[in-house]
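Reproduced below: coords-v7.txt, with compact mmCIF, C-alpha atoms.
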```txt
# COMPACT_ATOMS: atom_id res chain seq x y z
CA MET V 1 -64.61 189.25 192.71
CA ARG V 2 -63.80 185.55 192.84
CA SER V 3 -63.37 183.25 189.88
CA PHE V 4 -65.41 180.05 189.85
CA SER V 5 -62.31 177.95 190.48
CA SER V 6 -61.35 180.00 193.54
CA SER V 7 -64.91 179.89 194.91
CA PHE V 8 -65.08 176.16 194.34
CA LEU V 9 -61.91 175.60 196.37
CA VAL V 10 -63.40 177.53 199.31
CA PHE V 11 -66.18 174.92 199.11
CA PHE V 12 -63.72 172.32 200.49
CA TYR V 13 -62.75 174.65 203.32
CA GLN V 14 -66.41 175.20 204.19
CA VAL V 15 -67.08 171.45 204.37
CA ALA V 16 -64.23 171.02 206.85
CA VAL V 17 -65.09 174.03 209.04
CA GLY V 18 -68.81 173.27 209.02
CA GLY V 19 -68.06 169.65 209.84
CA LEU V 20 -66.23 170.72 213.00
CA PHE V 21 -69.19 172.86 214.04
CA ALA V 22 -71.43 169.83 213.50
CA LEU V 23 -69.11 167.65 215.60
CA ALA V 24 -69.40 170.24 218.37
CA ALA V 25 -73.14 169.51 218.45
CA THR V 26 -72.58 165.82 219.25
CA PRO V 27 -72.36 164.42 222.79
CA PHE V 28 -68.61 163.69 222.98
CA HIS V 29 -68.96 161.13 225.79
CA GLU V 30 -71.72 159.07 224.13
CA LEU V 31 -69.92 158.20 220.89
CA ASP V 32 -66.87 156.02 220.55
CA ARG V 33 -63.67 157.97 219.91
CA ALA V 34 -63.20 155.96 216.70
CA PHE V 35 -66.09 157.93 215.18
CA TYR V 36 -64.30 161.20 215.84
CA LYS V 37 -61.04 159.79 214.48
CA SER V 38 -62.63 158.73 211.20
CA THR V 39 -64.76 161.88 210.82
CA ALA V 40 -61.93 164.27 211.69
CA GLY V 41 -59.72 162.34 209.27
CA VAL V 42 -62.20 162.89 206.44
CA LEU V 43 -62.55 166.59 207.26
CA PHE V 44 -58.76 166.97 207.45
CA ALA V 45 -58.30 165.33 204.04
CA VAL V 46 -60.92 167.66 202.53
CA ALA V 47 -59.29 170.72 204.12
CA VAL V 48 -55.81 169.77 202.88
CA LEU V 49 -57.13 169.22 199.37
CA GLY V 50 -58.73 172.67 199.36
CA LEU V 51 -55.64 174.34 200.81
CA TRP V 52 -53.41 172.73 198.19
CA GLY V 53 -55.63 174.10 195.43
CA GLU V 54 -55.83 177.54 197.05
CA SER V 55 -52.06 177.79 197.17
CA GLN V 56 -51.98 177.91 193.37
CA PHE V 57 -54.33 180.92 193.33
CA TYR V 58 -52.41 182.61 196.15
CA TRP V 59 -49.21 182.65 194.13
CA GLN V 60 -51.11 183.96 191.10
CA THR V 61 -52.53 186.94 193.06
CA ALA V 62 -49.56 187.59 195.35
CA THR V 63 -48.34 190.52 193.24
CA THR V 64 -51.76 192.09 192.62
CA GLU V 65 -53.47 194.86 194.59
CA SER V 66 -55.61 192.32 196.48
CA GLY V 67 -52.60 190.12 197.20
CA ILE V 68 -52.38 191.09 200.88
CA TRP V 69 -55.98 190.01 201.50
CA SER V 70 -55.48 186.78 199.60
CA ALA V 71 -52.36 186.13 201.67
CA ALA V 72 -54.27 186.76 204.92
CA GLU V 73 -57.06 184.43 203.81
CA PHE V 74 -54.58 181.71 202.85
CA PHE V 75 -52.77 182.13 206.18
CA LEU V 76 -56.00 181.65 208.16
CA HIS V 77 -56.95 178.63 206.07
CA ALA V 78 -53.50 177.15 206.66
CA ALA V 79 -53.76 177.88 210.40
CA PHE V 80 -57.09 176.06 210.46
CA VAL V 81 -55.55 173.00 208.79
CA VAL V 82 -52.72 173.00 211.35
CA CYS V 83 -55.18 173.22 214.27
CA LEU V 84 -57.35 170.50 212.74
CA ALA V 85 -54.27 168.30 212.34
CA ALA V 86 -53.46 168.89 216.03
CA TYR V 87 -57.01 167.91 217.02
CA LEU V 88 -56.86 164.81 214.85
CA GLY V 89 -53.56 163.80 216.42
CA SER V 90 -54.92 164.40 219.93
CA LEU V 91 -57.58 161.75 219.37
CA TRP V 92 -54.84 159.11 219.59
CA THR V 93 -53.69 160.40 222.99
CA GLU V 94 -55.24 160.83 226.44
CA LYS V 95 -54.36 164.53 226.66
CA GLN V 96 -57.88 165.90 226.99
CA TYR V 97 -56.75 169.48 227.65
CA PHE V 98 -54.75 169.56 224.41
CA ARG V 99 -57.66 167.99 222.54
CA ALA V 100 -60.11 170.61 223.79
CA ARG V 101 -57.73 173.48 223.04
CA SER V 102 -56.85 172.28 219.54
CA PHE V 103 -60.54 171.77 218.75
CA SER V 104 -61.37 175.28 220.00
CA TRP V 105 -58.55 176.85 218.00
CA ALA V 106 -59.64 174.96 214.89
CA ILE V 107 -63.15 176.38 215.32
CA LEU V 108 -61.84 179.93 215.87
CA THR V 109 -59.38 179.95 212.96
CA GLY V 110 -61.95 178.28 210.74
CA LEU V 111 -64.55 180.93 211.56
CA ALA V 112 -62.04 183.76 211.00
CA GLY V 113 -61.08 182.25 207.66
CA LEU V 114 -64.72 182.02 206.60
CA VAL V 115 -65.33 185.67 207.46
CA LEU V 116 -62.30 186.81 205.47
CA SER V 117 -63.23 184.58 202.53
CA GLY V 118 -66.66 186.20 202.51
CA LEU V 119 -65.22 189.71 202.67
CA ASN V 120 -62.83 188.93 199.82
CA ALA V 121 -65.83 187.96 197.69
CA PHE V 122 -67.47 191.35 198.30
CA ALA V 123 -67.72 193.39 195.08
CA THR V 124 -69.97 196.34 196.01
CA PRO V 125 -68.88 199.74 197.46
CA VAL V 126 -66.66 199.42 200.52
CA PHE V 127 -69.03 201.12 202.96
CA SER V 128 -72.18 199.39 201.76
CA TRP V 129 -74.22 197.44 204.30
CA GLU V 130 -74.16 194.53 201.83
CA ILE V 131 -70.69 193.63 203.03
CA LEU V 132 -72.39 191.87 205.96
CA LEU V 133 -74.20 189.45 203.66
CA TYR V 134 -71.10 187.75 202.31
CA PRO V 135 -69.49 186.37 205.50
CA ILE V 136 -72.93 185.34 206.78
CA SER V 137 -73.58 183.54 203.51
CA PHE V 138 -70.24 181.73 203.67
CA LEU V 139 -70.84 180.72 207.30
CA LEU V 140 -74.35 179.38 206.66
CA SER V 141 -73.10 177.44 203.64
CA ALA V 142 -70.34 175.94 205.80
CA LEU V 143 -72.79 174.90 208.51
CA LEU V 144 -75.08 173.27 205.96
CA LEU V 145 -72.26 171.49 204.11
CA GLY V 146 -70.66 170.31 207.33
CA SER V 147 -73.88 169.11 208.96
CA VAL V 148 -75.05 167.08 205.96
CA THR V 149 -71.57 165.54 205.65
CA VAL V 150 -71.34 164.59 209.32
CA GLY V 151 -74.96 163.39 209.22
CA MET V 152 -74.06 160.96 206.45
CA LEU V 153 -70.90 159.85 208.31
CA ILE V 154 -72.65 159.32 211.63
CA GLY V 155 -75.27 157.26 209.83
CA HIS V 156 -72.50 154.92 208.74
CA TRP V 157 -71.34 154.66 212.32
CA TYR V 158 -74.78 153.37 213.32
CA LEU V 159 -74.37 150.58 210.78
CA ILE V 160 -71.29 149.52 212.77
CA ASP V 161 -72.55 150.15 216.32
CA THR V 162 -76.14 148.92 216.06
CA GLY V 163 -76.80 149.28 219.79
CA GLN V 164 -75.95 152.97 219.93
CA SER V 165 -78.51 155.46 221.28
CA LEU V 166 -80.26 157.52 218.59
CA ASP V 167 -79.67 160.78 220.46
CA PRO V 168 -76.39 161.70 218.66
CA PHE V 169 -77.96 161.00 215.26
CA VAL V 170 -81.00 163.10 216.14
CA ARG V 171 -78.77 165.97 217.30
CA ILE V 172 -76.90 166.04 214.00
CA TYR V 173 -80.19 165.81 212.13
CA LYS V 174 -81.58 168.82 214.02
CA PHE V 175 -78.37 170.73 213.38
CA PHE V 176 -78.70 169.97 209.66
CA VAL V 177 -82.35 171.08 209.55
CA ALA V 178 -81.59 174.29 211.47
CA ALA V 179 -78.74 175.15 209.06
CA LEU V 180 -80.94 174.37 206.04
CA VAL V 181 -83.85 176.49 207.27
CA LEU V 182 -81.56 179.37 208.24
CA GLN V 183 -79.84 179.38 204.86
CA THR V 184 -83.15 179.18 202.99
CA GLY V 185 -84.50 182.14 204.93
CA PHE V 186 -81.25 184.04 204.48
CA LEU V 187 -81.28 183.58 200.69
CA LEU V 188 -84.85 184.85 200.44
CA LEU V 189 -84.21 187.80 202.78
CA SER V 190 -80.97 188.73 201.00
CA ALA V 191 -82.66 188.82 197.61
CA ILE V 192 -85.44 191.04 198.96
CA LEU V 193 -83.06 193.42 200.76
CA ILE V 194 -80.75 193.77 197.78
CA TYR V 195 -83.68 194.44 195.45
CA VAL V 196 -85.27 197.02 197.78
CA VAL V 197 -82.31 198.85 199.36
CA GLY V 198 -79.23 197.45 197.64
CA ALA V 199 -76.58 199.40 195.78
CA PRO V 200 -77.52 200.21 192.16
CA SER V 201 -74.83 197.82 190.88
CA SER V 202 -76.19 194.99 193.04
CA VAL V 203 -79.78 195.62 191.94
CA ALA V 204 -78.65 195.59 188.32
CA SER V 205 -76.74 192.32 188.90
CA LEU V 206 -79.81 190.78 190.53
CA LYS V 207 -82.07 191.76 187.62
CA THR V 208 -79.55 190.54 185.06
CA LEU V 209 -79.13 187.24 186.91
CA TRP V 210 -82.87 186.61 186.88
CA ALA V 211 -83.28 187.69 183.27
CA LYS V 212 -80.40 185.70 181.81
CA HIS V 213 -79.93 182.82 184.23
CA THR V 214 -83.40 181.99 185.50
CA SER V 215 -82.87 178.26 185.10
CA LEU V 216 -79.65 178.43 187.11
CA VAL V 217 -81.35 180.25 189.98
CA MET V 218 -84.37 177.92 189.98
CA THR V 219 -82.17 174.82 189.87
CA ARG V 220 -80.11 176.16 192.76
CA VAL V 221 -83.26 176.69 194.84
CA LEU V 222 -84.98 173.42 193.94
CA VAL V 223 -81.94 171.15 194.22
CA GLY V 224 -80.09 172.90 197.03
CA GLN V 225 -83.00 174.03 199.23
CA ALA V 226 -86.41 172.52 198.39
CA GLY V 227 -85.15 168.99 197.76
CA PRO V 228 -83.15 168.71 201.02
CA LEU V 229 -86.10 170.19 202.96
CA VAL V 230 -88.35 167.38 201.67
CA LEU V 231 -85.65 164.83 202.41
CA SER V 232 -85.23 166.19 205.94
CA TRP V 233 -88.87 165.33 206.64
CA MET V 234 -88.31 161.83 205.24
CA ILE V 235 -85.19 161.39 207.40
CA TRP V 236 -87.18 162.35 210.48
CA ARG V 237 -89.88 159.83 209.64
CA THR V 238 -87.32 157.03 209.25
CA LEU V 239 -85.68 157.95 212.55
CA GLN V 240 -89.07 157.61 214.24
CA ILE V 241 -89.36 153.95 213.16
CA PRO V 242 -86.31 153.82 213.85
CA HIS V 243 -84.45 152.77 210.70
CA THR V 244 -80.95 154.23 210.69
CA MET V 245 -79.93 152.53 207.45
CA ALA V 246 -82.75 154.23 205.52
CA ALA V 247 -81.98 157.55 207.23
CA THR V 248 -78.33 157.22 206.17
CA GLY V 249 -79.39 156.56 202.57
CA LEU V 250 -81.58 159.66 202.63
CA PHE V 251 -78.68 161.68 204.05
CA TYR V 252 -76.65 160.53 201.05
CA ILE V 253 -79.26 161.98 198.70
CA ALA V 254 -79.53 165.16 200.77
CA LEU V 255 -75.74 165.51 200.65
CA LEU V 256 -75.82 165.27 196.87
CA GLY V 257 -78.53 167.95 196.66
CA VAL V 258 -76.76 170.30 199.07
CA PHE V 259 -73.41 169.88 197.33
CA VAL V 260 -74.88 170.53 193.88
CA GLY V 261 -76.84 173.51 195.19
CA GLU V 262 -73.73 175.03 196.77
CA ILE V 263 -71.68 174.52 193.61
CA LEU V 264 -74.41 176.29 191.62
CA GLY V 265 -74.27 179.04 194.24
CA ARG V 266 -70.58 179.45 193.47
CA GLN V 267 -71.48 179.90 189.81
CA ILE V 268 -74.00 182.59 190.74
CA LEU V 269 -71.33 184.30 192.87
CA THR V 270 -69.01 184.28 189.86
CA LEU V 271 -71.60 185.54 187.39
CA ALA V 272 -73.31 188.19 189.50
CA SER V 273 -71.10 188.72 192.59
CA LEU V 274 -74.14 187.98 194.75
CA PRO V 275 -73.98 185.77 197.89
CA PHE V 276 -76.53 183.19 196.77
```
Would you write out, as structure tokens, the structure that this file holds?
Amino acid sequence: MRSFSSSFLVFFYQVAVGGLFALAATPFHELDRAFYKSTAGVLFAVAVLGLWGESQFYWQTATTESGIWSAAEFFLHAAFVVCLAAYLGSLWTEKQYFRARSFSWAILTGLAGLVLSGLNAFATPVFSWEILLYPISFLLSALLLGSVTVGMLIGHWYLIDTGQSLDPFVRIYKFFVAALVLQTGFLLLSAILIYVVGAPSSVASLKTLWAKHTSLVMTRVLVGQAGPLVLSWMIWRTLQIPHTMAATGLFYIALLGVFVGEILGRQILTLASLPF
């Protein structure tokens, strides 16, 4: 079971990993390399900040029974930061092979780190089917956090390059909507499955969560899911005009909602050990 502080630090890692997945959805040859330099720089800074915080928890748990898993998780997170640093550095060179390989390795190590982070948050019996929910939850959260972050950043790029085609912006927008819809459906399906066929401890945690923390659950759903869904429709309408400045402003608000929703989800994970 993770503490809130530990879960919150994984939040930074998810932003960085999800941001790389979102970058993979952009047409690399249609956007100026300066966009990738600035965006990768932001993601790298976020990842380093999270890794620095995680290192404190790693040393605290190094001598415990779960220390080996914490060490493996920290190693994968560190490997991701190294690969991301290599990709960021490659953007200042013309070595396209190295750039492609470093980007691919950053994606692979980031995905492996997310899976292990999810498994380390698992608190039900070892052979329960529920173990699958945690890495999926962490991955979907990463995709949502990364896509809304890159969506906001690419909107800023359109304020600089006003003659740019809207296609890259629309691609990121669609990626964001897909991640948001998938996570919303996953949260609903997970709650139903746990309630119907979950382990007794998980069912009890779910009932206790709803009985004692109804406002927390409702706020998480309204702010983190419903609000961004409404905003996604508004972003689409502004892109049809097109008005990239307004769309960027709406992405800012959506980012705030998604971030708050995910932070509340970390609190739910801490209170009930459920991947919501």
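Across the model, the gap from CA of Ala34 in chain V to CA of Thr244 in chain V is 18.8 Å.
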Within 12 Å of (-54.5, 171.0, 211.6) (coordinates as in the file), grab all the protein and nucleic acid residues, counting only C-alpha atoms, and write them out as a PyMOL selection string. chain V and resi 16-17+20+40-41+43-48+51+76-90+99+102-107+109-110
Give me, please, the distance in Å between CA of Tyr134 in chain V and CA of Ala100 in chain V, quoted to one decimal.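 So the two atoms, CA of Tyr134 in chain V and CA of Ala100 in chain V, lie 29.6 Å apart.
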Just to confirm, what's the straight-line distance from CA of Leu216 in chain V to CA of Ile268 in chain V in Å (one decimal)? 7.9 Å
Counting all atoms listed in the file, which of V:Phe8, V:Phe169, V:Phe251, V:Tyr13 gets nearest to Glu30 in chain V?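 Among the listed residues, the smallest separation from Glu30 in chain V belongs to V:Phe169.
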Excluding Ile160 in chain V and any residue of its chain fewer than 6 positions from it, enumerate the residues within 12 Å of it, using only C-alpha atoms, and give them as a list in words. Leu31, Asp32, Ala34, Phe35, Leu153, Ile154, Thr244 and Met245 of chain V
Mind checking which residues fall within 12 Å of Thr219 in chain V, counting only C-alpha atoms, ignoring those fewer than 2 positions away in the same chain, and posting them as an MDAnalysis selection string? chainID V and resid 213:217 221:227 257:258 260:265 267:268
Include C-alpha atoms and write out the residues we just selected as an mmCIF file, keeping the file's coordinate frame.
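Listed below is the output, part_24.cif:
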```
data_model
loop_
_atom_site.group_PDB
_atom_site.id
_atom_site.type_symbol
_atom_site.label_atom_id
_atom_site.label_comp_id
_atom_site.auth_asym_id
_atom_site.auth_seq_id
_atom_site.Cartn_x
_atom_site.Cartn_y
_atom_site.Cartn_z
ATOM 1 C CA HIS V 213 -79.930 182.820 184.230
ATOM 2 C CA THR V 214 -83.400 181.990 185.500
ATOM 3 C CA SER V 215 -82.870 178.260 185.100
ATOM 4 C CA LEU V 216 -79.650 178.430 187.110
ATOM 5 C CA VAL V 217 -81.350 180.250 189.980
ATOM 6 C CA VAL V 221 -83.260 176.690 194.840
ATOM 7 C CA LEU V 222 -84.980 173.420 193.940
ATOM 8 C CA VAL V 223 -81.940 171.150 194.220
ATOM 9 C CA GLY V 224 -80.090 172.900 197.030
ATOM 10 C CA GLN V 225 -83.000 174.030 199.230
ATOM 11 C CA ALA V 226 -86.410 172.520 198.390
ATOM 12 C CA GLY V 227 -85.150 168.990 197.760
ATOM 13 C CA GLY V 257 -78.530 167.950 196.660
ATOM 14 C CA VAL V 258 -76.760 170.300 199.070
ATOM 15 C CA VAL V 260 -74.880 170.530 193.880
ATOM 16 C CA GLY V 261 -76.840 173.510 195.190
ATOM 17 C CA GLU V 262 -73.730 175.030 196.770
ATOM 18 C CA ILE V 263 -71.680 174.520 193.610
ATOM 19 C CA LEU V 264 -74.410 176.290 191.620
ATOM 20 C CA GLY V 265 -74.270 179.040 194.240
ATOM 21 C CA GLN V 267 -71.480 179.900 189.810
ATOM 22 C CA ILE V 268 -74.000 182.590 190.740
#
```
Counting all atoms listed in the file, which residue out of V:Val170, V:Leu209, V:Met218, V:Leu9 sits closest to Arg237 in chain V?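 Looking at the shortest contact to Arg237 in chain V, the residue is V:Val170.
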Quick one: residues within 12 Å of Leu239 in chain V, all atoms listed in the file counted, chain neighbours fewer than 4 positions away excluded, as a PyMOL selection string? chain V and resi 155+158+165-171+173-174+232-235+243-251
Considering only C-alpha atoms, state which residue in the set V:Ala112, V:Val197, V:Ala179, V:Leu269 is at the smallest distance from Ala142 in chain V.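 Once distances to Ala142 in chain V are computed over only C-alpha atoms, the minimum belongs to V:Ala179.
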Counting all atoms listed in the file, which residue out of V:Leu180, V:Leu189, V:Leu23, V:Ala272 sits closest to Leu145 in chain V?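 Of V:Leu180, V:Leu189, V:Leu23, V:Ala272, the one nearest Leu145 in chain V is V:Leu180, counting all atoms listed in the file.
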Within 8 Å of Leu206 in chain V, counting only C-alpha atoms, which residues show up once you throw out same-chain ones fewer than 4 positions away? Write them as a ChimeraX atom specification, please. /V:191,194-195,202,210,272,274
Best match for closeness to Leu114 in chain V among V:Phe176, V:Tyr36, V:Phe74, V:Tyr97, counting only C-alpha atoms: V:Phe74
Using only C-alpha atoms, which of the listed residues (V:Ala25, V:Ser147, V:Thr184, V:Ser205) sits closest to Thr270 in chain V?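 Closest to Thr270 in chain V, using only C-alpha atoms: V:Ser205.
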As JSON, please report the centre and edge lengths, rounded to one decimal in Å, of the axis-aligned box that holds all listed atoms of range 269-275 of chain V with 3 Å of padding on each of the six sides.
```
{"center_x": -71.6, "center_y": 186.5, "center_z": 192.6, "size_x": 11.1, "size_y": 10.4, "size_z": 16.5}
```
